[in-house]
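Raw upload-v2.cif, mmCIF, C-alpha atoms:
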```
data_query
loop_
_atom_site.label_atom_id
_atom_site.label_comp_id
_atom_site.auth_asym_id
_atom_site.auth_seq_id
_atom_site.Cartn_x
_atom_site.Cartn_y
_atom_site.Cartn_z
CA MET A 1 0.00 0.00 0.00
CA THR A 2 1.44 3.37 -0.98
CA ARG A 3 2.02 6.27 1.36
CA ASP A 4 -0.57 8.38 -0.48
CA THR A 5 -3.21 5.63 -0.18
CA ILE A 6 -2.59 5.39 3.57
CA SER A 7 -2.95 9.17 3.78
CA LEU A 8 -6.27 9.09 1.95
CA ILE A 9 -7.61 6.31 4.26
CA ARG A 10 -6.55 8.31 7.30
CA ILE A 11 -8.26 11.45 5.99
CA GLY A 12 -11.40 9.45 5.25
CA ALA A 13 -11.50 7.94 8.75
CA VAL A 14 -11.01 11.29 10.44
CA ALA A 15 -13.61 12.95 8.21
CA THR A 16 -16.17 10.20 9.03
CA ALA A 17 -15.54 10.61 12.75
CA VAL A 18 -15.83 14.39 12.49
CA ALA A 19 -19.04 14.08 10.45
CA ALA A 20 -20.53 11.78 13.13
CA SER A 21 -19.61 14.21 15.86
CA THR A 22 -21.16 17.02 13.80
CA ALA A 23 -24.48 15.17 13.57
CA ALA A 24 -24.42 14.42 17.30
CA ALA A 25 -23.70 18.04 18.11
CA ALA A 26 -26.58 19.18 15.90
CA ALA A 27 -28.94 16.97 17.82
CA ALA A 28 -27.68 18.08 21.19
CA PHE A 29 -26.88 21.78 20.80
CA GLY A 30 -28.70 22.96 17.70
CA ASP A 31 -27.62 24.65 14.48
CA VAL A 32 -24.94 26.98 15.92
CA ALA A 33 -22.99 24.17 17.49
CA ALA A 34 -23.35 22.12 14.30
CA GLY A 35 -21.98 25.01 12.28
CA LEU A 36 -18.97 25.36 14.58
CA ALA A 37 -18.34 21.62 14.44
CA ALA A 38 -18.52 21.70 10.62
CA LEU A 39 -15.96 24.52 10.55
CA GLY A 40 -13.78 22.50 12.89
CA SER A 41 -13.94 19.45 10.63
CA LEU A 42 -13.03 21.60 7.65
CA ALA A 43 -9.97 22.92 9.50
CA VAL A 44 -8.87 19.42 10.53
CA GLY A 45 -9.36 18.09 7.01
CA TYR A 46 -7.44 21.05 5.55
CA GLY A 47 -4.63 20.51 8.04
CA LEU A 48 -4.34 16.82 7.24
CA GLY A 49 -4.55 17.52 3.57
CA ARG A 50 -1.75 20.02 3.79
CA LYS A 51 0.49 17.63 5.67
CA ASP A 52 -0.23 14.22 4.17
CA GLY A 53 -2.56 14.76 1.22
CA ALA A 54 -2.00 13.23 -2.21
CA LEU A 55 -1.90 16.53 -4.15
CA PRO A 56 0.79 18.28 -2.08
CA GLY A 57 2.91 15.12 -2.37
CA ALA A 58 2.77 15.36 -6.15
CA VAL A 59 3.53 19.05 -6.00
CA ARG A 60 6.52 18.40 -3.78
CA LEU A 61 7.75 15.79 -6.26
CA LEU A 62 7.37 18.26 -9.09
CA MET A 63 9.18 20.95 -7.12
CA PHE A 64 12.03 18.52 -6.42
CA ARG A 65 12.24 17.68 -10.09
CA VAL A 66 12.36 21.35 -11.09
CA ALA A 67 15.06 22.01 -8.47
CA ASP A 68 16.97 19.00 -9.76
CA GLU A 69 16.84 20.32 -13.32
CA LEU A 70 17.95 23.74 -12.13
CA ALA A 71 21.01 22.06 -10.60
CA GLN A 72 21.73 20.42 -13.96
CA TYR A 73 21.42 23.76 -15.78
CA ARG A 74 23.80 25.25 -13.25
CA ALA A 75 26.25 22.47 -14.03
CA PHE A 76 25.93 23.41 -17.70
CA THR A 77 26.69 27.08 -17.05
CA LYS A 78 29.68 26.10 -14.90
CA LEU A 79 30.91 23.83 -17.68
CA LEU A 80 30.66 26.71 -20.16
CA ARG A 81 32.60 29.00 -17.84
CA ASP A 82 35.31 26.40 -17.31
CA GLN A 83 35.60 25.84 -21.06
CA GLY A 84 35.95 29.61 -21.49
CA GLU A 85 38.77 29.66 -18.98
CA ARG A 86 40.51 26.84 -20.85
CA ILE A 87 40.20 28.74 -24.14
CA THR A 88 41.63 31.85 -22.52
CA GLU A 89 44.54 29.91 -21.02
CA SER A 90 45.42 28.05 -24.20
CA THR A 91 45.13 31.09 -26.50
CA SER A 92 47.11 33.20 -24.05
CA GLY A 93 49.94 30.66 -23.97
CA ALA A 94 49.89 30.31 -27.75
CA ALA A 95 49.77 34.07 -28.35
CA THR A 96 52.68 34.69 -25.98
CA ALA A 97 54.74 32.04 -27.76
CA ILE A 98 53.86 33.52 -31.17
CA VAL A 99 54.78 37.07 -30.09
CA THR A 100 58.07 35.83 -28.63
CA GLY A 101 58.82 33.93 -31.84
CA LEU A 102 57.92 36.83 -34.11
CA THR A 103 59.99 39.29 -32.07
CA GLN A 104 62.98 36.96 -32.16
CA MET A 105 62.48 36.39 -35.89
CA ASP A 106 62.35 40.13 -36.48
CA ALA A 107 65.59 40.65 -34.56
CA ASP A 108 67.28 37.83 -36.51
CA VAL A 109 66.13 39.29 -39.82
CA ASP A 110 67.61 42.65 -38.81
CA ARG A 111 70.93 40.94 -38.10
CA LEU A 112 70.71 39.13 -41.41
CA ARG A 113 70.09 42.44 -43.19
CA ASP A 114 73.35 43.77 -41.76
CA LEU A 115 75.22 40.66 -42.91
CA VAL A 116 73.75 40.70 -46.41
CA GLY A 117 75.40 44.00 -47.19
CA ASP A 118 74.97 45.14 -50.79
CA ALA A 119 73.64 41.91 -52.31
CA GLU A 120 70.47 43.38 -53.79
CA ALA A 121 68.57 40.14 -54.33
CA LEU A 122 69.23 38.91 -50.81
CA ARG A 123 68.38 42.28 -49.30
CA SER A 124 64.98 42.38 -50.98
CA LEU A 125 64.35 38.83 -49.82
CA VAL A 126 65.18 39.83 -46.23
CA ASP A 127 62.83 42.80 -46.52
CA ALA A 128 60.07 40.56 -47.81
CA VAL A 129 60.48 38.23 -44.83
CA SER A 130 60.54 41.15 -42.38
CA ALA A 131 57.60 43.13 -43.80
CA PRO A 132 54.62 41.16 -42.41
CA VAL A 133 56.06 40.68 -38.91
CA ILE A 134 54.76 43.93 -37.43
CA GLU A 135 51.36 43.39 -39.05
CA MET A 136 51.22 39.93 -37.45
CA LEU A 137 52.14 41.37 -34.07
CA GLY A 138 49.12 43.65 -34.43
CA GLN A 139 46.84 40.77 -35.36
CA ILE A 140 47.81 38.81 -32.26
CA GLN A 141 45.72 41.23 -30.22
CA PHE A 142 42.79 39.00 -31.10
CA GLN A 143 43.74 36.97 -28.02
CA ASP A 144 43.07 39.85 -25.61
CA VAL A 145 39.81 40.73 -27.39
CA THR A 146 38.69 37.10 -27.23
CA GLN A 147 39.64 36.85 -23.58
CA GLN A 148 37.45 39.83 -22.73
CA GLN A 149 34.54 38.50 -24.78
CA ILE A 150 34.76 35.19 -22.91
CA ALA A 151 34.97 37.02 -19.57
CA PHE A 152 31.81 38.92 -20.54
CA LEU A 153 29.95 35.68 -21.36
CA SER A 154 31.19 34.16 -18.13
CA ARG A 155 29.74 37.06 -16.12
CA LEU A 156 26.41 36.75 -17.92
CA SER A 157 26.40 33.05 -17.09
CA LEU A 158 27.08 33.84 -13.42
CA ILE A 159 24.01 36.12 -13.36
CA VAL A 160 21.88 33.28 -14.76
CA ASP A 161 23.47 30.96 -12.22
CA GLU A 162 22.61 33.23 -9.28
CA HIS A 163 19.04 33.43 -10.53
CA MET A 164 18.80 29.63 -10.67
CA ILE A 165 20.12 29.32 -7.13
CA ASP A 166 17.42 31.78 -6.03
CA LEU A 167 14.72 29.78 -7.82
CA ALA A 168 15.96 26.50 -6.30
CA ARG A 169 15.90 28.05 -2.82
CA GLN A 170 12.37 29.32 -3.36
CA LEU A 171 11.40 25.75 -4.23
CA GLY A 172 12.80 24.65 -0.88
CA ASP A 173 15.90 22.98 -2.36
CA ARG A 174 18.98 23.19 -0.18
CA ARG A 175 21.11 20.65 -2.05
CA ALA A 176 21.48 22.27 -5.48
CA MET A 177 24.92 23.63 -4.62
CA ASP A 178 26.28 20.19 -3.69
CA ARG A 179 25.01 18.38 -6.77
CA VAL A 180 26.51 20.68 -9.41
CA GLY A 181 29.97 19.06 -9.21
CA ASN A 182 28.59 15.60 -9.99
CA PHE A 183 26.50 16.81 -12.90
CA LYS A 184 29.46 18.76 -14.27
CA GLU A 185 31.64 15.66 -14.17
CA MET A 186 28.92 13.72 -15.97
CA PHE A 187 28.62 16.37 -18.70
CA ASN A 188 32.40 16.56 -19.02
CA LYS A 189 32.58 12.83 -19.68
CA ALA A 190 29.69 12.94 -22.12
CA LEU A 191 31.11 15.88 -24.10
CA ASP A 192 34.79 15.03 -23.85
CA ASP A 193 35.21 13.62 -27.34
CA CYS A 194 32.72 15.71 -29.28
CA VAL A 195 34.59 19.02 -29.71
CA MET A 196 35.55 19.29 -33.34
CA THR A 197 39.07 20.23 -34.36
CA SER A 198 37.65 22.86 -36.70
CA GLN A 199 36.00 24.55 -33.73
CA ARG A 200 39.29 24.62 -31.84
CA GLU A 201 41.11 26.17 -34.76
CA ASP A 202 38.50 28.63 -35.91
CA HIS A 203 39.63 31.99 -34.60
CA HIS A 204 38.12 33.98 -37.41
CA ALA A 205 35.17 35.26 -35.42
CA ALA A 206 37.46 36.02 -32.51
CA ALA A 207 39.81 38.16 -34.57
CA GLY A 208 37.77 41.26 -33.80
CA LEU A 209 36.65 41.58 -37.43
CA ASP A 210 32.98 41.37 -36.54
CA MET A 211 33.12 43.69 -33.55
CA GLN A 212 30.57 46.45 -33.62
CA GLU A 213 31.94 49.87 -32.90
CA ALA A 214 28.58 51.57 -32.59
CA GLY A 215 29.80 53.55 -29.58
CA GLY A 216 32.22 55.69 -31.58
CA PRO A 217 35.18 55.73 -33.95
CA LYS A 218 38.10 53.36 -33.55
CA ILE A 219 40.47 56.28 -33.02
CA GLU A 220 39.47 59.48 -31.28
CA MET A 221 41.77 62.25 -30.10
CA PHE A 222 40.33 64.33 -27.28
CA MET B 1 68.76 62.42 -29.43
CA MET B 2 67.44 59.99 -26.82
CA PRO B 3 64.44 57.96 -27.97
CA SER B 4 61.15 58.72 -26.22
CA THR B 5 60.04 56.30 -23.51
CA ILE B 6 56.50 54.95 -23.55
CA LEU B 7 54.95 53.19 -20.55
CA ILE B 8 52.42 50.52 -21.55
CA VAL B 9 49.92 49.44 -18.88
CA ASP B 10 47.86 46.33 -19.64
CA ASP B 11 46.96 43.14 -17.77
CA SER B 12 47.26 41.12 -20.99
CA ALA B 13 50.75 39.69 -21.56
CA THR B 14 49.93 39.39 -25.27
CA ILE B 15 49.18 43.11 -25.59
CA LEU B 16 52.22 44.13 -23.53
CA MET B 17 54.55 42.01 -25.64
CA SER B 18 53.10 42.85 -29.05
CA MET B 19 52.93 46.60 -28.36
CA GLU B 20 56.45 46.55 -26.98
CA ALA B 21 57.67 44.87 -30.17
CA ILE B 22 55.80 47.32 -32.43
CA LEU B 23 56.95 50.44 -30.56
CA HIS B 24 60.50 49.16 -30.07
CA LYS B 25 60.75 48.47 -33.80
CA ALA B 26 59.66 52.05 -34.44
CA GLY B 27 62.52 53.32 -32.30
CA PHE B 28 60.84 53.94 -28.95
CA THR B 29 62.04 52.78 -25.55
CA VAL B 30 59.31 50.81 -23.81
CA ALA B 31 58.51 50.27 -20.14
CA LYS B 32 55.73 47.89 -19.10
CA ALA B 33 53.32 47.51 -16.19
CA ALA B 34 50.75 44.72 -15.77
CA CYS B 35 48.34 46.83 -13.70
CA GLY B 36 47.59 50.38 -12.59
CA GLU B 37 49.24 49.95 -9.21
CA GLU B 38 52.50 48.75 -10.82
CA ALA B 39 52.46 51.74 -13.16
CA VAL B 40 52.05 54.17 -10.25
CA THR B 41 54.87 52.43 -8.35
CA LYS B 42 57.17 52.74 -11.37
CA LEU B 43 56.32 56.43 -11.81
CA GLN B 44 56.86 57.09 -8.11
CA GLY B 45 60.12 55.12 -8.34
CA GLY B 46 61.59 57.55 -10.85
CA LEU B 47 60.44 56.33 -14.28
CA LYS B 48 59.91 59.37 -16.50
CA PRO B 49 58.08 58.25 -19.62
CA ASN B 50 57.18 60.69 -22.37
CA MET B 51 53.82 59.03 -22.81
CA ILE B 52 51.56 56.42 -21.21
CA ILE B 53 49.38 53.90 -23.05
CA THR B 54 46.83 52.22 -20.81
CA ASP B 55 44.03 49.68 -20.96
CA ILE B 56 40.74 50.44 -19.17
CA HIS B 57 39.58 47.14 -17.69
CA MET B 58 42.25 45.83 -15.38
CA PRO B 59 42.03 44.04 -12.06
CA GLY B 60 42.45 46.44 -9.15
CA MET B 61 43.01 50.01 -10.33
CA SER B 62 41.17 50.65 -13.60
CA GLY B 63 42.69 52.65 -16.44
CA ILE B 64 40.41 55.59 -15.67
CA ASP B 65 41.53 55.56 -12.02
CA LEU B 66 45.14 55.37 -13.18
CA ILE B 67 44.67 58.47 -15.37
CA ARG B 68 43.08 60.34 -12.46
CA LYS B 69 45.93 59.30 -10.15
CA VAL B 70 48.66 60.21 -12.65
CA ARG B 71 47.12 63.63 -13.18
CA THR B 72 47.57 64.36 -9.46
CA MET B 73 51.23 63.29 -9.43
CA SER B 74 53.92 65.93 -9.57
CA GLY B 75 55.58 66.08 -12.99
CA PHE B 76 52.87 64.06 -14.77
CA GLN B 77 49.95 66.49 -14.93
CA PHE B 78 50.46 67.02 -18.64
CA ILE B 79 51.94 63.71 -19.81
CA PRO B 80 50.05 62.36 -22.85
CA ILE B 81 47.94 59.33 -21.92
CA LEU B 82 46.42 57.16 -24.65
CA VAL B 83 43.67 54.70 -23.83
CA VAL B 84 43.83 51.46 -25.85
CA THR B 85 40.87 49.25 -25.02
CA THR B 86 38.19 46.90 -26.35
CA GLU B 87 35.64 49.22 -24.74
CA SER B 88 33.88 51.47 -27.26
CA GLN B 89 30.97 52.89 -25.25
CA GLN B 90 30.51 56.63 -25.39
CA ALA B 91 29.95 56.86 -21.61
CA LYS B 92 33.38 55.36 -20.95
CA ARG B 93 34.98 57.64 -23.51
CA ASP B 94 33.42 60.63 -21.78
CA GLU B 95 34.75 59.35 -18.46
CA ALA B 96 38.25 59.09 -19.94
CA ARG B 97 37.97 62.54 -21.47
CA ALA B 98 36.85 63.98 -18.13
CA ALA B 99 39.84 62.30 -16.46
CA LYS B 100 42.01 64.15 -19.04
CA ALA B 101 43.05 61.29 -21.29
CA THR B 102 44.69 62.39 -24.52
CA GLY B 103 43.03 59.93 -26.91
CA TRP B 104 41.17 56.67 -27.32
CA LEU B 105 41.96 53.69 -29.55
CA VAL B 106 39.78 50.59 -29.83
CA LYS B 107 41.44 47.15 -29.85
CA PRO B 108 42.43 45.44 -32.01
CA VAL B 109 44.44 48.43 -33.17
CA GLN B 110 46.50 48.16 -36.33
CA PRO B 111 50.23 48.83 -35.82
CA ASP B 112 50.15 51.61 -38.45
CA ASP B 113 47.26 53.34 -36.67
CA LEU B 114 49.00 53.05 -33.32
CA LEU B 115 52.27 54.44 -34.65
CA LYS B 116 50.49 57.25 -36.49
CA VAL B 117 48.83 58.41 -33.26
CA VAL B 118 51.96 57.96 -31.16
CA LYS B 119 54.06 59.94 -33.66
CA GLN B 120 51.37 62.62 -33.76
CA ILE B 121 51.78 63.01 -30.01
CA LEU B 122 55.56 62.51 -29.91
CA PRO B 123 56.68 63.96 -33.26
CA ASN B 124 60.36 63.82 -32.31
CA GLY B 125 60.25 60.05 -31.72
#
```

Show the structure stored in the file as structure tokens.
Amino acid sequence: MTRDTISLIRIGAVATAVAASTAAAAAAFGDVAAGLAALGSLAVGYGLGRKDGALPGAVRLLMFRVADELAQYRAFTKLLRDQGERITESTSGAATAIVTGLTQMDADVDRLRDLVGDAEALRSLVDAVSAPVIEMLGQIQFQDVTQQQIAFLSRLSLIVDEHMIDLARQLGDRRAMDRVGNFKEMFNKALDDCVMTSQREDHHAAAGLDMQEAGGPKIEMF
Amino acid sequence: MMPSTILIVDDSATILMSMEAILHKAGFTVAKAACGEEAVTKLQGGLKPNMIITDIHMPGMSGIDLIRKVRTMSGFQFIPILVVTTESQQAKRDEARAAKATGWLVKPVQPDDLLKVVKQILPNG
């Protein structure tokens, strides 16, 4: 026998007893006493219903499920933030290595230019190698721009996260915080092998080319 | 003639290194600081740059706060200060202007554009 069935039987028994006492009271003390007894039975029934009734049980189950899903969404947002941090770390390391390499290459080319002397063909070749270096050093700024865009998304995600914690608390859930780690681990495992190489290598959108400068010109002297 | 010294303030190692390389190649001497506090310490410690290039969003002291602070320091009231940032909002620009910044460049900034502005401010290199 389920817990809800037991609850319903208990409510029924109490209601029958209260109804019998209501009838007895009506006979003994008249309509006023019967009215009071009826109100009393209503209060008892309402109280029992609130505590053990079938409907609140279902509602509680639903609330638990919603809170549980909120915890899963929070795990998702945390996963996104962590991925963002990884992107920032890896691009920062790569960009630093590229800048170091380009700077060194530029210095070596300058030394080579001195050694070449008057050999016209070699000199023009050295110039051709040297020419794009500074331009490339400018392009590498994409890493900082990307880092800030990711930081912005991460902050937005934190706002959503805070809101979900609030909702879970309003639903009476006190465990959402503890469960996020487990969900995150589960998602990590599930998504571990599905990031495409093309996605890792596609920095085109992050190069700042599609940035909107609606707030003003790119260069402004005050 | 001694080359001009430019102090770059940015929390991004990539920006510090790339700007240093670009400005050094153009003949400038470069000093670097990874945050506003470090820049102030260097200025108080005797560094006398001819110009400062600063980011806006940095942990701790922001670029705007750095400009305000530098403007109160003896010997730096009139030093040119360029803001180089991903921020492009007008409100922030107005804040920088009010703090007495010299100019505003939005990242990513092309090396030619950067050098053009720097040479406009420091014509003698």

Picked residues, the PyMOL selection byres ((chain B) within 7 of (chain A)), expected as a PyMOL selection string: chain B and resi 12-15+17-18+21-22+86+88-90+97+102-106+108-111

Evaluate the PyMOL selection byres ((chain A and resi 80) around 12) on the structure here and hand back the selected residues as a VMD selection string. chain A and resid 73 to 79 81 to 87 150 to 151 153 to 158 161 184 187 to 188 191

Hey, which of B:Ile8, B:Ile64, B:Leu23, B:Leu114 ends up closest to Lys92 of chain B? Count only C-alpha atoms.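 Counting only C-alpha atoms, the residue closest to Lys92 of chain B is B:Ile64.
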
On this file, the PyMOL selection byres ((chain B and resi 2) around 12) gives some set of residues; write that set as a PyMOL selection string. chain B and resi 1+3-5+27-29+49-50+124-125

Rounded to one decimal in Å, what is the spacing between atom CA of Lys116 of chain B and atom CA of Leu125 of chain A?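 Going from atom CA of Lys116 of chain B over to atom CA of Leu125 of chain A, I get 26.6 Å.
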
Would you mind reading off the distance between atom CA of Met51 of chain B and atom CA of Asp108 of chain A, one decimal, in Å? 28.6 Å

Using Å and a single decimal, report how far atom CA of Val160 of chain A sits from atom CA of Gly172 of chain A.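 Interatomic distance here is 18.7 Å.
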
Please list as a ChimeraX atom specification every residue within 9 Å of His57 of chain B, counting all atoms listed in the file and excluding residues in the same chain fewer than 6 positions away. /B:10-11,63-64,85-87

Taking (37.8, 62.2, -16.2) in the coordinates of the supplied file, I want to know which residues reach to within 10 Å of it, counting only C-alpha atoms; could you give the answer as number ranges by chain? B: 64-65, 67-68, 71, 92-101

Protein and nucleic acid residues near (52.7, 64.4, -11.2) (cut-off 12 Å, only C-alpha atoms) as a ChimeraX atom specification: /B:40,43-44,46-49,66-79

Around segment 63-78 of chain B, with edges along x, y and z and 5 Å added on all six sides, what centre and edge lengths do you get, in Å to one decimal, as JSON?
```
{"center_x": 48.0, "center_y": 59.8, "center_z": -14.0, "size_x": 25.2, "size_y": 24.4, "size_z": 19.2}
```

Among the residues B:Ala91, B:Val84, B:Gly45, B:Lys25, the one that comes closest to Asp113 of chain B [using all atoms listed in the file]: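 Using all atoms listed in the file, Asp113 of chain B sits closest to B:Val84.
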